[in-house]
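Peer 1: My questions will all concern the structure given below.
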Amino acid sequence: MPQYDWTPIVQRSLLYRSIREYFDKAGFLEVETPLLTHAPIPEAHIELFSSQAITPDGSRKNLYLVPSPEVWMKHLLAQGMPSMYQISRCFRNGEQHDKWHRREFSMLEWYELSSSADSNIARMAELFALLQKKIAPNSPPEEFHILTMEQAFRNYAGFSLEDDLLNAGWNRPSASFTSEAESTKAILSHRLIERALFPGSINERPDDLFHRLFITLVEPHLPFQQPLILKDWPALIPTLARHIPGTPWADRWEMYYQGVEIANCYTEENRLEALTEYWQDQEKIKAGAAVPAASDENWPALIAGNMPPCSGAAVGLDRLLALLRGDKSLRGVDIAPP
Amino acid sequence: MGTIKAGAIAKGTYLLEKNEPFVVNEREFVNPGKGSAFVRLKLKNLRTGAVLKITHKSQDSCEEIDVEEVESQFLYSDGTAYHFMESQTFEQFEVPILAHEDAQYFMLEGESFKITRWNGETLDIRLPPKKDLIVAEAEEAVKGDTVTGASKYVITETGLTVKVPIFIKKGEKIRISVETKEYQERVND
């Protein structure tokens, strides 16, 4: 029998209790949604864990462990439910088990009605300060540093990503990641070649080209001395975040703490056209997934027009706990490393 | 020569980038919030010692070098090259120090190492992760200095300067991490 250290187990309990107290006080409803689903969200870059249900008559039905509670929570929002939060286990296949990655992990996800990604920065900062005080009472409070993707590119890559993307056609009000795909590919490939970086294969998608630039030229230089909010990501990356019309940007942010990505937040997209475009695009890519899964094609229509304007955020709780403890990996908060 | 998916590259893998042979010193997975998985690599050029930082998508194909390993005995260093003798054939050969400067601190004359070769070119000297070395020079600990964690510098038999706890004496054997060149523990034979 391995001897487990009690400290992180007790700290996790304190962390979750504090999160629940915070959201209960703020008037959010705690919800619990299923971990097993027959129609998971199609996310191109996430592989699923699959299983089979066996009915008494011996027939079988494919089921999948959820990679996040997003689909379910949005269903609830579309049915008129109030601002809500959940602490949920999430499962992601096809990922390596390393310092900061686990195939199974815990996520805090909340949705706030009539809110935006920007206004959720304040909530994130408030929650973070509270949790830091609980888990690391001796650490000094930390000021959040807020940086836009455009500033980050100007500072660290030495060029304006916005100018590039506007040149690619992203100033058109109807611009989208599919309509501007070819021009975006051309302009980002040009930047990669100019910087003597691998320009990707012929079939590479704009978001892969962008990530090559970001990961090589920008991310290693980001100011990680304080908690960092990196906001306004390019709308060329297909997500369920709302595109800010007439700009190349999507209304979303990622939070880094000590250089590790611990949270992200969107102003949620709820327009039918955009949701459908995302759904179809991701399903197309998912067709080549190692674990193929059906998705609910009615989802965009169910959500659009029904889900009220809101903002959603997700926080990786294992990472947050480990970092607040001063750990350099998830090892210290694992109970049974698989 | 074979191809390898970037996601399968490990520390110690030999790669051909821009027609130069490299060894992977560091590998880190990067998964951007909403995007493909990437691998960030820190490579060492095995001809020049120069460091190259590159990023690949996990699915990218890279060129892996198929190396051959030969057991060889380290004879001596002449300041610009290490001289080795192949244990099987007794053939002597040189390895330029330039790309393997740290190796001088971890090889004692007469010891055997695995040498990796590619197309007849010596690429790398495989060093053990840890090495026990005798302290050749050390200051005397000051009497009454009992501060916990107090440290001092010593020089090993191979000329490496290492920060050690105050109690380490000349003539004692200490274990050094080859990667970080840091003291790990005292070895009592």
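Starting from 1 in every chain, residues are counted up; chains themselves are A, B, ... following the order of the structure tokens, and ligands are numbered from 1 as listed.
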Would you kindly return, as a PyMOL selection string, each protein, DNA or RNA residue with an atom no farther than 12 Å from any atom of range 277-279 of chain A, considering only C-alpha atoms and excluding same-chain residues fewer than 3 positions away?

Peer 2: chain A and resi 40-44+176-179+235-243+269-274+282-286+294-301+303

Peer 1: Hey, list the chain B side of the contact with chain A: 9 Å cut-off, only C-alpha atoms, answer as a PyMOL selection string.

Peer 2: chain B and resi 28-30+32-38+40+53-57+60

Peer 1: Can you pull out every residue within 8 Å of range 74-84 of chain B, counting only C-alpha atoms, but drop anything in the same chain fewer than 4 positions away, and send it as a ChimeraX atom specification?

Peer 2: /B:92-98,104,107-113

Peer 1: Restricting the output to N, CA and C atoms, write the selected residues as an mmCIF file, in the first residue's frame.

Peer 2:
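In the end it all went to selection-v3.cif:
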data_model
loop_
_atom_site.group_PDB
_atom_site.id
_atom_site.type_symbol
_atom_site.label_atom_id
_atom_site.label_comp_id
_atom_site.auth_asym_id
_atom_site.auth_seq_id
_atom_site.Cartn_x
_atom_site.Cartn_y
_atom_site.Cartn_z
ATOM 1 N N GLN B 92 42.364 3.543 -32.217
ATOM 2 C CA GLN B 92 42.290 4.814 -31.492
ATOM 3 C C GLN B 92 41.635 5.882 -32.350
ATOM 4 N N PHE B 93 40.891 6.774 -31.695
ATOM 5 C CA PHE B 93 40.265 7.881 -32.434
ATOM 6 C C PHE B 93 40.107 9.087 -31.509
ATOM 7 N N GLU B 94 39.834 10.237 -32.143
ATOM 8 C CA GLU B 94 39.700 11.482 -31.379
ATOM 9 C C GLU B 94 38.263 11.996 -31.440
ATOM 10 N N VAL B 95 37.858 12.680 -30.371
ATOM 11 C CA VAL B 95 36.572 13.379 -30.362
ATOM 12 C C VAL B 95 36.881 14.838 -30.019
ATOM 13 N N PRO B 96 36.518 15.781 -30.899
ATOM 14 C CA PRO B 96 36.809 17.180 -30.572
ATOM 15 C C PRO B 96 36.089 17.620 -29.294
ATOM 16 N N ILE B 97 36.781 18.358 -28.457
ATOM 17 C CA ILE B 97 36.195 18.759 -27.175
ATOM 18 C C ILE B 97 35.046 19.748 -27.380
ATOM 19 N N LEU B 98 35.181 20.590 -28.408
ATOM 20 C CA LEU B 98 34.238 21.681 -28.673
ATOM 21 C C LEU B 98 32.763 21.392 -28.330
ATOM 22 N N GLN B 104 34.687 16.490 -20.047
ATOM 23 C CA GLN B 104 36.001 16.453 -19.386
ATOM 24 C C GLN B 104 35.892 16.306 -17.871
ATOM 25 N N MET B 107 34.934 12.184 -17.057
ATOM 26 C CA MET B 107 35.658 11.021 -17.581
ATOM 27 C C MET B 107 37.030 10.945 -16.929
ATOM 28 N N LEU B 108 37.335 9.764 -16.395
ATOM 29 C CA LEU B 108 38.669 9.531 -15.834
ATOM 30 C C LEU B 108 39.421 8.636 -16.804
ATOM 31 N N GLU B 109 40.704 8.874 -16.923
ATOM 32 C CA GLU B 109 41.509 8.083 -17.858
ATOM 33 C C GLU B 109 41.381 6.601 -17.550
ATOM 34 N N GLY B 110 41.145 5.804 -18.590
ATOM 35 C CA GLY B 110 41.028 4.364 -18.407
ATOM 36 C C GLY B 110 39.591 3.881 -18.309
ATOM 37 N N GLU B 111 38.655 4.805 -18.109
ATOM 38 C CA GLU B 111 37.247 4.387 -17.997
ATOM 39 C C GLU B 111 36.627 4.175 -19.382
ATOM 40 N N SER B 112 35.580 3.321 -19.410
ATOM 41 C CA SER B 112 34.919 3.036 -20.687
ATOM 42 C C SER B 112 33.593 3.767 -20.819
ATOM 43 N N PHE B 113 33.297 4.194 -22.023
ATOM 44 C CA PHE B 113 32.043 4.886 -22.301
ATOM 45 C C PHE B 113 31.468 4.389 -23.613
#

Peer 1: Can you pull out every residue within 8 Å of Arg27 in chain B, counting only C-alpha atoms, but drop anything in the same chain fewer than 5 positions away, and send it as a PyMOL selection string?

Peer 2: chain B and resi 9-11+39-42

Peer 1: Can you list, as a PyMOL selection string, every residue of range 2-141 of chain B that DSSP puts in strand (DSSP E or B)?

Peer 2: chain B and resi 2-5+14-17+20-30+38-45+51-57+61-64+68-77+81-86+92-96+112-118+121-126+130-138

Peer 1: Pick out the closest residue to Arg117 in chain B from this set: B:Val70, B:Ile174, B:Val23, B:Leu43. Count only C-alpha atoms.

Peer 2: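 Once distances to Arg117 in chain B are computed over only C-alpha atoms, the minimum belongs to B:Val70.
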
Peer 1: Do you know which residues are at most 10 Å from Ala125 in chain A counting only C-alpha atoms, after dropping those on the same chain fewer than 5 positions away, and could you put them as a PyMOL selection string?

Peer 2: chain A and resi 120+130-131+142-144+227+229

Peer 1: Taking the DSSP assignment computed from this structure's backbone, write out as a VMD selection string all residues of range 122-325 of chain A that belong to helix (DSSP H, G or I).

Peer 2: chain A and resid 122 to 135 149 to 157 161 to 170 181 to 194 206 to 221 272 to 286 299 to 303 317 to 324

Peer 1: Using only C-alpha atoms for the distances, tell me which of B:Trp118, B:Ser61, B:Ile168, B:Leu46 is nearest to Ala136 in chain B.

Peer 2: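 With only C-alpha atoms as the atom set, the closest residue is B:Ile168.
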
Peer 1: Tell me, in Å to one decimal, how far CA of Pro234 in chain A is from CA of Ser189 in chain A.

Peer 2: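 CA of Ser189 in chain A lies 15.6 Å from CA of Pro234 in chain A.
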
Peer 1: Counting only C-alpha atoms, what is within 8 Å of His100 in chain B, bar same-chain residues fewer than 5 positions away, as a list in words?

Peer 2: Leu46, Gly49, Asp124 and Ile125 of chain B

Peer 1: Tell me which of B:Lys181, B:Lys173, B:Arg47, B:Arg126 sits closest to Glu68 in chain B, counting only C-alpha atoms.

Peer 2: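 Closest to Glu68 in chain B, using only C-alpha atoms: B:Arg126.
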
Peer 1: From the options A:Phe128, A:Trp170, A:Tyr266, A:Tyr16, which residue's atoms come nearest to Ser88 in chain A, counting only C-alpha atoms?

Peer 2: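 For Ser88 in chain A, the nearest of the given residues is A:Tyr16.
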
Peer 1: Using CA of Gly58 in chain A and CA of Trp72 in chain A as the two end points, give the distance in Å to one decimal.

Peer 2: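 If I compute the distance from CA of Gly58 in chain A to CA of Trp72 in chain A, I get 28.1 Å.
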